[in-house]
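Novice: One structure coming up, written as structure tokens, with questions to follow.
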Amino acid sequence: MTTAPTTPRITDIGPPHYEKFLPPLVKKNYGKWKYHEVLAPGVLCHVAESGDRLYTVRAATPRLMGVKTLRHFADLADKYCGGYIRFTSRNNIEFLLENPNNIEPLKRELVELGFPVGGTANSLSNIVHTQGWIHCHSAATDASGIVKAVMDPLYERFTHQDLPAKLRIALACCLNMCGAVHCSDIAILGIHRLPPKINHTLLPKVCEVPTLIASCPTGAIRPATVEGKPSVELVEEQCMFCGNCYTVCPAMPMNDPENDGLSIWVGGKVSNARSAPKFSKLAIPFLPNNPPRWPEVVDAVVKIVDVYAKHAHKYERVGEWIDRIGWPRFFQLTGFEFTRYHIDDFKHAGLTYARSAHIKY
Amino acid sequence: MADATNGKPKTELLDELEKGPWPSFVREIKSAAETSEKAAGLLQQLELSYQEKKGHWKHGGMVGVLGYGGGVIGRYSDVAAEIPSVAHFHTMRVNHPAGWFYTSDALRKICDIWERHGSGLTNMHGSTGDIILLGTTTDQLEPTFQELAQNGFDLGGSGSAMRTPSCCVGMARCEWACYDAMKLCYDLTMAYQDELHRPAFPYKFKIKCAACPNDCVASVARADLSIIGTWRDDIQVDDAEVANYAAAGVDIQKEVCDLCPSKSMGWDGKRLTIENRECVHCMHCINVLGKALRPGKERGAVVLIGAKAPIMQGALLSSVLVPFVPAEELLDTLKELLKRIWDFWDEYGNNRERVGELIQRVGLPAFLDGIGLDPVPEMVSAPRDNPYIFFETAKGGAK
């Protein structure tokens, strides 16, 4: 057998250096930008100390993209901006232009291809989300499908800038929250509502019992011998359906088509502007998992956006608006039912109990 | 299983999601399915999930490339008998370039590689920041990896490892960048290639670099180590531009001064005054009056620690570890801090315990002792309000 000369195996080179991918105008003015203006929804103009102007056209993507679409974007970048392109932290794509005359033709082509231009200033930006049924084993629901269903009626909230402040929606298909939705203006969260079903035959073969026991935040999982083999038992009243046991042990499946569903959370933010970053809080504990259009989820999110748009003051994020009007009024304005599930009973629960006589009547 | 017509499986439920104005992921999968059996299989399995309201991916699976402990997420279908093309459908995480900048050539190169070796479907990008290449078989992992490497790309993190660091656009296109976030992100990524590719930690560790307090990469919510740019001298004010804003109809009192969280701004109808000692560096006034106000010149970052999503003991936001590090000292300071943090976490962290949860369990004071940092009042919103103090006792008496 002859040994073919092989190229040496390459490892640990890290990502390409970003400088290779920066447009010349960006390189020239790196760290020397003076200010920016929003020329239109989805169009920014950054002005450098040197007087140079860089125009950005931002469009939404579905995040899940085939190579054909990416090649379309590459072609547009070649045609309009020297082949330079970037993506944002919210799954938008940005074209960085030197020539302002290219803005309108590029916008037209993007919209014709089905990619809306917008997501800047006081608008709803793209939804950040997780994999859902496309690629995850622990998903309580799909992700891309709900995003599409929610954004269809909210399309104009992306292409217009007429909200009180910027609005950020995120979706995670289970409590693992790969999408870290816990600090979003509106968060859509997939949830389980039944305890795991223990597969005692499979468990001793594929799971480490001590790791499994340690995985439960409430200590609901205890060692047990079942038919002479090591397994576990579950104190069902202590289960809050987080799914962490399933993450470490495939013999604890939780998926249940009828009982899995969605919860809606509001009022979180990550920016430090005005108020400190804060968590989203529970608005609706359960909505049914209803593909392909999830009408109950769509109605709830659209309702929150509409009520917020109507009632919030300029520059108030959802959480800041609710802080001002108070939670009783939020539930009154949205018509959402306040239930026992809204009152925290996990760790540090007392911190959210009202500890004053400050009540609006 | 959906019936096939004209050789294509019926996808009545997913077809619904091709309608409407928002970009459709179903259209993307269908387009990939024209040339990829794997993408066609995904479409078929997803339709089944929509019919049955449940996922069809089996639990995990350990696959990877030679010498790495991460970067690939193993995925196997539980309906492989009916849809053999998705029997294996592994994901590769590819470390994105800082700031998510690309040239069209680099983007095409990734497309070419992925079309040859995988489903042709991607996420641009995953939640942590990586380029996500969705759907390939075990035998294709190593060839894909080596082709990517020959073209300058490497895999990102997964499992109990340092995860791919990410950053905002920073100095490349933002006037508010208080430090060079792209450079710091790149330098940290390169410094810790081993920690990124070979999981050796109790659990995952995420780093995010946000160049100003607007925090466009959500570092305070999503990173074990959050590096948020700020300044500590006076906000730079251009009085003439403030006057222009006022003349153009901006209500400076109502939209700027009244919304200042520390009420440190005044407006007499002509001139904006700032009590800079009281400024908490929130960015609101600068966001509103971008042409008139700019962060100060003495720039650097606040370093915060411990954010995470709910699993297991509840979600955490990062909290202040170092109130200010000058921009030019950031890389060295962070390397020293990371060394001490990772040593302590290695020693005391439980399996699958994020550093934030370790701090919750042992207390911030013990953590500070462990990493050799002095306590400062910026670390808390208020001192404790309970008298249950663990006084250090030495040789039988209180110190």
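Labels used: A, B, ... for chains in the order of the structure tokens, numbers from 1 for residues in each chain, and numbers from 1 for ligands as shown.
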Which residues, written as a PyMOL selection string, have at least one atom at most 6 Å from A:Thr141, with only C-alpha atoms counted and residues fewer than 2 positions away on the same chain left out?

Specialist: chain A and resi 132+139+173+190

Novice: Write out the residues from the selection above, keeping all heavy atoms, as a short mmCIF file (atom, residue, chain, number, x, y, z; two decimals), in the first residue's frame.

Specialist:
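The result, stored in out-v3.cif:
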data_model
loop_
_atom_site.label_atom_id
_atom_site.label_comp_id
_atom_site.auth_asym_id
_atom_site.auth_seq_id
_atom_site.Cartn_x
_atom_site.Cartn_y
_atom_site.Cartn_z
N GLY A 132 -35.66 24.47 18.53
CA GLY A 132 -36.97 23.81 18.50
C GLY A 132 -36.90 22.44 17.86
O GLY A 132 -35.89 21.74 17.96
N ALA A 139 -36.71 20.08 23.21
CA ALA A 139 -37.65 21.15 22.88
C ALA A 139 -39.08 20.80 23.29
O ALA A 139 -39.57 19.73 22.97
CB ALA A 139 -37.60 21.42 21.38
N CYS A 173 -37.25 27.30 23.42
CA CYS A 173 -38.21 26.20 23.32
C CYS A 173 -38.21 25.29 24.54
O CYS A 173 -38.96 24.34 24.60
CB CYS A 173 -38.02 25.42 22.03
SG CYS A 173 -36.32 24.96 21.69
N GLY A 190 -41.07 27.85 25.82
CA GLY A 190 -41.67 26.51 25.80
C GLY A 190 -41.57 25.87 27.16
O GLY A 190 -40.53 25.97 27.82
#

Novice: Can you pull out every residue within 12 Å of B:Pro23, counting only C-alpha atoms, but drop anything in the same chain fewer than 3 positions away, and send it as an NGL selection string?

Specialist: (:A and (59-65 or 69 or 91-92 or 110-117 or 126-127 or 144-145 or 147-152 or 155)) or (:B and (17-20 or 26-28))

Novice: Could you name the residues that touch B:Glu328 at 9 Å or less, counting only C-alpha atoms, but leaving out those on the same chain fewer than 5 positions away, as a PyMOL selection string?

Specialist: chain B and resi 179+299-300

Novice: A:Ala121, A:Cys249, A:Gly219, A:Cys136: which is nearest A:Glu237, counting only C-alpha atoms?

Specialist: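 Among A:Ala121, A:Cys249, A:Gly219, A:Cys136, it is A:Gly219 that comes nearest to A:Glu237.
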
Novice: Hey, which of B:Lys109, B:Lys339, B:Arg222, B:Lys53 ends up closest to B:Gly129? Count only C-alpha atoms.

Specialist: B:Arg222

Novice: Could you give me, as a VMD selection string, each residue of stretch 286-351 of chain B that DSSP assigns to strand (DSSP E) when run on this structure's backbone?

Specialist: chain B and resid 293 to 294 299 to 305 319 to 326

Novice: How would the residues just picked look written out with N, CA and C atoms as a PDB file, in the first residue's frame?

Specialist:
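Dumped everything to result.pdb:
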ATOM      1  N   LEU B 293     -23.590  64.647  22.534  1.00  0.00           N
ATOM      2  CA  LEU B 293     -22.950  64.068  23.713  1.00  0.00           C
ATOM      3  C   LEU B 293     -22.170  62.823  23.327  1.00  0.00           C
ATOM      4  N   ARG B 294     -21.017  62.644  23.984  1.00  0.00           N
ATOM      5  CA  ARG B 294     -20.207  61.452  23.735  1.00  0.00           C
ATOM      6  C   ARG B 294     -19.638  60.954  25.058  1.00  0.00           C
ATOM      7  N   ARG B 299     -11.435  55.870  29.101  1.00  0.00           N
ATOM      8  CA  ARG B 299     -12.334  54.755  28.820  1.00  0.00           C
ATOM      9  C   ARG B 299     -11.798  53.407  29.286  1.00  0.00           C
ATOM     10  N   GLY B 300     -12.703  52.487  29.468  1.00  0.00           N
ATOM     11  CA  GLY B 300     -12.327  51.143  29.900  1.00  0.00           C
ATOM     12  C   GLY B 300     -13.570  50.283  30.002  1.00  0.00           C
ATOM     13  N   ALA B 301     -13.644  49.434  31.020  1.00  0.00           N
ATOM     14  CA  ALA B 301     -14.799  48.556  31.140  1.00  0.00           C
ATOM     15  C   ALA B 301     -15.071  48.179  32.596  1.00  0.00           C
ATOM     16  N   VAL B 302     -16.345  47.869  32.850  1.00  0.00           N
ATOM     17  CA  VAL B 302     -16.754  47.224  34.097  1.00  0.00           C
ATOM     18  C   VAL B 302     -16.698  45.721  33.827  1.00  0.00           C
ATOM     19  N   VAL B 303     -16.146  44.961  34.761  1.00  0.00           N
ATOM     20  CA  VAL B 303     -16.142  43.504  34.599  1.00  0.00           C
ATOM     21  C   VAL B 303     -17.164  42.925  35.568  1.00  0.00           C
ATOM     22  N   LEU B 304     -18.083  42.132  35.027  1.00  0.00           N
ATOM     23  CA  LEU B 304     -19.130  41.527  35.844  1.00  0.00           C
ATOM     24  C   LEU B 304     -19.074  40.014  35.690  1.00  0.00           C
ATOM     25  N   ILE B 305     -19.626  39.313  36.671  1.00  0.00           N
ATOM     26  CA  ILE B 305     -19.503  37.862  36.643  1.00  0.00           C
ATOM     27  C   ILE B 305     -20.811  37.157  36.978  1.00  0.00           C
ATOM     28  N   SER B 319     -22.994  40.212  38.079  1.00  0.00           N
ATOM     29  CA  SER B 319     -22.848  41.294  39.051  1.00  0.00           C
ATOM     30  C   SER B 319     -21.393  41.779  39.050  1.00  0.00           C
ATOM     31  N   VAL B 320     -21.221  42.993  39.551  1.00  0.00           N
ATOM     32  CA  VAL B 320     -19.935  43.691  39.425  1.00  0.00           C
ATOM     33  C   VAL B 320     -18.808  42.945  40.154  1.00  0.00           C
ATOM     34  N   LEU B 321     -17.714  42.758  39.437  1.00  0.00           N
ATOM     35  CA  LEU B 321     -16.521  42.156  40.026  1.00  0.00           C
ATOM     36  C   LEU B 321     -15.409  43.208  40.130  1.00  0.00           C
ATOM     37  N   VAL B 322     -15.207  43.950  39.028  1.00  0.00           N
ATOM     38  CA  VAL B 322     -14.233  45.052  39.031  1.00  0.00           C
ATOM     39  C   VAL B 322     -14.933  46.277  38.436  1.00  0.00           C
ATOM     40  N   PRO B 323     -15.062  47.350  39.220  1.00  0.00           N
ATOM     41  CA  PRO B 323     -15.850  48.507  38.746  1.00  0.00           C
ATOM     42  C   PRO B 323     -15.246  49.219  37.539  1.00  0.00           C
ATOM     43  N   PHE B 324     -13.931  49.198  37.398  1.00  0.00           N
ATOM     44  CA  PHE B 324     -13.332  49.860  36.226  1.00  0.00           C
ATOM     45  C   PHE B 324     -11.954  49.293  35.937  1.00  0.00           C
ATOM     46  N   VAL B 325     -11.745  48.921  34.685  1.00  0.00           N
ATOM     47  CA  VAL B 325     -10.410  48.532  34.233  1.00  0.00           C
ATOM     48  C   VAL B 325     -10.102  49.408  33.020  1.00  0.00           C
ATOM     49  N   PRO B 326      -8.991  50.171  33.046  1.00  0.00           N
ATOM     50  CA  PRO B 326      -8.655  50.998  31.882  1.00  0.00           C
ATOM     51  C   PRO B 326      -8.524  50.133  30.624  1.00  0.00           C
TER      52      PRO B 326
END

Novice: If I take atom CA of B:Leu272 and atom CA of B:Asp234, how far is one from the other in Å, to one decimal?

Specialist: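 Interatomic distance here is 13.3 Å.
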
Novice: Check the smallest atom-to-atom distance from each of B:Val72, B:Ala32, B:Ala181, B:Met283 to B:Thr144 using only C-alpha atoms, then report the winner.

Specialist: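 Answer, going by the shortest atom-to-atom distance: B:Val72.
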
Novice: Step one, run DSSP on the backbone; step two, keep only residues of stretch 191-242 of chain B assigned to helix (DSSP H, G or I); then write them as an NGL selection string.

Specialist: :B and (191 or 193-197 or 219-222 or 239-242)

Novice: For the selection just defined, write its residues with C-alpha atoms to a file, as a CSV table (one decimal), in the first residue's frame.

Specialist:
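Writing the result to part_35.csv gives the following:
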chain,number,residue,atom,x,y,z
B,191,ALA,CA,-5.5,32.9,24.1
B,193,GLN,CA,-8.0,27.7,22.2
B,194,ASP,CA,-7.3,24.7,24.4
B,195,GLU,CA,-10.0,25.7,26.9
B,196,LEU,CA,-12.4,26.2,24.0
B,197,HIS,CA,-11.8,22.9,22.2
B,219,SER,CA,-23.5,40.2,28.1
B,220,VAL,CA,-25.1,41.0,31.5
B,221,ALA,CA,-27.7,38.3,30.9
B,222,ARG,CA,-25.8,35.7,29.0
B,239,ASP,CA,-23.2,72.9,23.3
B,240,ALA,CA,-24.0,74.0,19.8
B,241,GLU,CA,-25.3,70.6,18.9
B,242,VAL,CA,-27.4,70.4,22.0

Novice: Go through B:Thr273, B:Thr333, B:Asn351, B:Asn386 one by one, measure the shortest atom-to-atom distance of each to chain A using only C-alpha atoms, and give the residue with the smallest value.

Specialist: B:Asn351

Novice: Let me make sure I understand: among B:Gly41, B:Pro202, B:Gly156, B:Pro261, which one has the smallest atom-to-atom distance to B:Glu347 if we use only C-alpha atoms?

Specialist: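 Smallest separation from B:Glu347 among the options: B:Pro202.
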
Novice: Which residue is closest to chain B? Choose from A:Leu194, A:Cys207, A:Ala273, A:Ile325 and count only C-alpha atoms.

Specialist: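 The closest residue to chain B is A:Ala273.
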
Novice: Can you tell me how far atom CA of B:Tyr245 sits from atom CA of B:Cys279, in Å to one decimal?

Specialist: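 Distance between the two atoms: 21.3 Å.
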
Novice: In Å to one decimal, how far is atom CA of A:Pro153 from atom CA of A:Trp294?

Specialist: 12.4 Å

Novice: If we count only C-alpha atoms and set the cut-off at 10 Å, which residues sit around A:Glu19, ignoring sequence neighbours fewer than 2 positions away in its own chain? Please answer as a PyMOL selection string.

Specialist: (chain A and resi 16-17+21-24+26-27) or (chain B and resi 97-98+101-102+172+182-183)
